[in-house]
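Each remark here refers to the structure printed beneath this line.
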Amino acid sequence: MAASLAPRDLGLSIIGVAAQYPPYALKPDALETLAKKYHPESESMKKVLSINRYTGIDQRSSIGTPDHPLVNQPDPPSIADIHKIFMTDGVPLAVSAARKAMAEARVEASQITHMVSTTCTNSANPGYDHFVARDLGLSSNLEKVLLHGIGCSGGLAALRTAANLCLGHAMRGLPARILCMALEVSTTMVRSELESIHKLQETRIGVALFSDCASAVVISNGIGEQAEPVYELLGWQHHIVPDTEEDLGFDVDPVGWKVVLSPRVPKLTQAVIEPTYQALLAAAPPLPPAYQAAADFDWAMHPGGATILTGAERAMTITPEHMRASYDTYINHGNSSSATIFSVLDRLRSKDMDAMAPGGRPKDYVVGCAFGPGIAVEMCLLKRNLGIQDMVPGIQTPPESEVSSRSGDVEEEFESDGPKAAEAGPVQHEQSEAAAARLKAAEDQSFISEALEGVELD
């Protein structure tokens, strides 16, 4: 009988992290503007708009405003129209996020060995990763993987895939510097979702949650010179909850994609967090005695919704302060599907988030977690390097890429004149006092969960 190997240090490090949000912010009244403009009042529409006011999201990051021509056609835009905007407005966001992550990682384009990307809001061939790689000047021999069909869990699934590629290169004695990329443009599908609410009289709450974002990390296998780690990757877990394929999804449709979200999702996700966490720790290298209970760690939860976050608190006996970066991202940007988790990891290492840590002391170890269609659970264990902070300046408005410059006429056709978001870093860092107030509000916002749980979802 072969002896089992004890868990050991994998030698994997995240050496660059970045997020790039688009320059517009949608307040809750943006959805009401479009709903009232294009649809008569109905019970389902009233229910969705009521939920929209109590999601806990102050604003959702978007490539445009309610005045955007794409969402003001007589009929919902086609999937071809949505694809054009994904390429002209989304790809530059991805290029910007990648450049910032690579700058922090101190890697040149020629040093990137692999690229693992994900999206659930585009399905073109070649994939968007091809154009990002080209605009970044990455090698034509670059090994690329584009993950699809995994929704909000895509960011951590990409990290898991990249980690295994890193280990494969390490076994061959080769350096690996892998760019993980996530890009989502979902606000362009608002008209499609509103149309379904109206015609089918369904309570579809995804339209009140989703936003746009690109994010990236660079992961290294430690062979050769590298920048100081931001996080060390110690382990990961992937699990599928049986018989849940109909509970969470994102189905293709002639006018984009349709969110599938059953009322069982919060309870299903809450039930699976603790056993997945135990499996994660069991497979990880030995940790200090002070890191065993869930509350001993900081948590980078994908903020799929208010009930996901409050469910994690109940399941793991943790507080909003443990998930402070998740709440902050959710409040200020909404749920950007697969791109959100890297944004949360970027936000977590900021000074004002450290000030909000339980007891005022950020943790050395972090648990990352996200849920996706399947229902899939992705979880990882990270060791944070508390000696470095986010020192890379951000760009609020993305630079023009080759894709956008080639398609200038398309950009002009869909240009928006709405008010831009306040200029700040890529994640709009708030002052410590404001962040403290928001976390305190998150503790008191049980009414959000109650409001959503009290609604009969179709």
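Letters A, B, ... mark the chains of the structure tokens in the order given; residue numbers begin at 1 per chain; ligand numbers begin at 1, in order shown.
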
Strand (DSSP E or B) per DSSP on the backbone: members of region 97-183 of chain A, as a list of chain:residue names: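 Assigned to strand (DSSP E or B), within region 97-183 of chain A: A:His114, A:Met115, A:Val116, A:Ser117, A:Thr118, A:Glu143, A:Lys144, A:Val145, A:Leu146, A:Leu147, A:Arg177, A:Ile178, A:Leu179, A:Cys180, A:Met181, A:Ala182, A:Leu183.
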
With N, CA, C and O atoms kept, could you save the residues just selected as a CSV table (one decimal), in the first residue's frame?
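See result-v3.csv below for the written result:
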```csv
chain,number,residue,atom,x,y,z
A,114,HIS,N,2.0,31.7,-19.3
A,114,HIS,CA,0.7,31.2,-19.5
A,114,HIS,C,-0.3,32.3,-19.2
A,114,HIS,O,0.0,33.3,-18.5
A,115,MET,N,-1.5,32.1,-19.7
A,115,MET,CA,-2.6,33.0,-19.4
A,115,MET,C,-3.9,32.2,-19.2
A,115,MET,O,-4.3,31.4,-20.1
A,116,VAL,N,-4.5,32.3,-18.0
A,116,VAL,CA,-5.7,31.6,-17.7
A,116,VAL,C,-6.8,32.6,-17.5
A,116,VAL,O,-6.7,33.4,-16.6
A,117,SER,N,-7.8,32.6,-18.3
A,117,SER,CA,-8.9,33.7,-18.3
A,117,SER,C,-10.2,33.1,-18.1
A,117,SER,O,-10.5,31.9,-18.4
A,118,THR,N,-11.2,33.9,-17.8
A,118,THR,CA,-12.6,33.5,-17.6
A,118,THR,C,-13.5,34.6,-17.9
A,118,THR,O,-13.2,35.8,-17.7
A,143,GLU,N,0.9,30.0,-23.6
A,143,GLU,CA,-0.1,28.9,-23.5
A,143,GLU,C,-1.3,29.5,-22.8
A,143,GLU,O,-1.3,30.0,-21.7
A,144,LYS,N,-2.5,29.5,-23.5
A,144,LYS,CA,-3.7,30.1,-23.0
A,144,LYS,C,-4.8,29.1,-22.7
A,144,LYS,O,-4.9,28.1,-23.4
A,145,VAL,N,-5.5,29.4,-21.7
A,145,VAL,CA,-6.7,28.6,-21.3
A,145,VAL,C,-7.8,29.6,-21.0
A,145,VAL,O,-7.6,30.5,-20.2
A,146,LEU,N,-9.0,29.4,-21.7
A,146,LEU,CA,-10.1,30.2,-21.4
A,146,LEU,C,-11.3,29.4,-20.8
A,146,LEU,O,-11.7,28.4,-21.5
A,147,LEU,N,-11.6,29.7,-19.6
A,147,LEU,CA,-12.6,28.9,-18.9
A,147,LEU,C,-14.0,29.5,-19.1
A,147,LEU,O,-14.2,30.7,-19.0
A,177,ARG,N,5.2,32.1,-14.8
A,177,ARG,CA,4.6,33.4,-14.4
A,177,ARG,C,3.3,33.5,-15.2
A,177,ARG,O,3.2,33.7,-16.4
A,178,ILE,N,2.2,33.2,-14.5
A,178,ILE,CA,0.9,33.0,-15.2
A,178,ILE,C,0.0,34.2,-14.9
A,178,ILE,O,-0.2,34.6,-13.7
A,179,LEU,N,-0.6,34.8,-15.9
A,179,LEU,CA,-1.5,35.9,-15.8
A,179,LEU,C,-2.9,35.3,-15.7
A,179,LEU,O,-3.4,34.6,-16.7
A,180,CYS,N,-3.6,35.5,-14.6
A,180,CYS,CA,-5.0,35.1,-14.5
A,180,CYS,C,-5.9,36.3,-14.7
A,180,CYS,O,-5.7,37.3,-14.1
A,181,MET,N,-6.9,36.1,-15.5
A,181,MET,CA,-7.7,37.3,-16.0
A,181,MET,C,-9.2,37.0,-15.9
A,181,MET,O,-9.6,35.9,-16.2
A,182,ALA,N,-10.0,37.9,-15.4
A,182,ALA,CA,-11.4,37.8,-15.4
A,182,ALA,C,-12.0,39.1,-15.9
A,182,ALA,O,-11.6,40.2,-15.5
A,183,LEU,N,-13.0,39.0,-16.8
A,183,LEU,CA,-13.7,40.1,-17.4
A,183,LEU,C,-15.1,39.8,-17.5
A,183,LEU,O,-15.5,38.8,-18.0
```

Write out as a PDB file with C-alpha atoms, in the first residue's frame each polymer residue whose atoms come within 10 Å of Val255 (chain A), counting only C-alpha atoms; drop sequence neighbours fewer than 3 positions from it.
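Done, and the output landed in result.pdb:
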```pdb
ATOM      1  CA  ASP A  75     -36.124  46.239 -28.355  1.00  0.00           C
ATOM      2  CA  PRO A  76     -33.493  44.646 -26.089  1.00  0.00           C
ATOM      3  CA  PRO A  77     -30.079  44.534 -27.804  1.00  0.00           C
ATOM      4  CA  SER A  78     -29.109  41.341 -29.586  1.00  0.00           C
ATOM      5  CA  ILE A  79     -26.268  39.132 -28.462  1.00  0.00           C
ATOM      6  CA  ALA A  80     -24.266  40.542 -31.407  1.00  0.00           C
ATOM      7  CA  ASP A  81     -24.779  44.095 -30.104  1.00  0.00           C
ATOM      8  CA  ILE A  82     -23.743  43.009 -26.609  1.00  0.00           C
ATOM      9  CA  MET A 189     -28.191  42.858 -20.399  1.00  0.00           C
ATOM     10  CA  ARG A 191     -33.126  45.320 -21.039  1.00  0.00           C
ATOM     11  CA  SER A 192     -33.149  41.568 -21.620  1.00  0.00           C
ATOM     12  CA  GLU A 193     -33.740  40.896 -17.921  1.00  0.00           C
ATOM     13  CA  GLU A 195     -38.162  42.028 -20.714  1.00  0.00           C
ATOM     14  CA  VAL A 252     -27.571  31.782 -23.325  1.00  0.00           C
ATOM     15  CA  LYS A 258     -30.467  34.985 -18.586  1.00  0.00           C
TER      16      LYS A 258
END
```

Please provide the set of residues having any atom within 12 Å of Val107 (chain A), restricted to only C-alpha atoms, with same-chain residues fewer than 2 positions apart removed, written as a PyMOL selection string. chain A and resi 15-16+98-105+109-113+136+138+176-179+217-220+224-228

Shell of 12 Å around Gly173 (chain A), only C-alpha atoms, local chain residues under 5 positions omitted, as a list in words: Cys166, Leu167, Gly168, Asn221, Gly222, Ile223 and Gly224 of chain A

So that I can see what lies close to Asn332 (chain A), please list as JSON, numbers by chain the residues with an atom at most 8 Å from it, counting only C-alpha atoms and leaving out residues fewer than 4 positions away in the same chain. {"A": [57, 58, 59, 60, 61, 328, 428]}

Residues of region 114-352 of chain A in alpha helix (DSSP H) according to DSSP, as an NGL selection string? :A and (128-136 or 154-171 or 190-200 or 265-283 or 306-316 or 324-333 or 340-348 or 351-352)
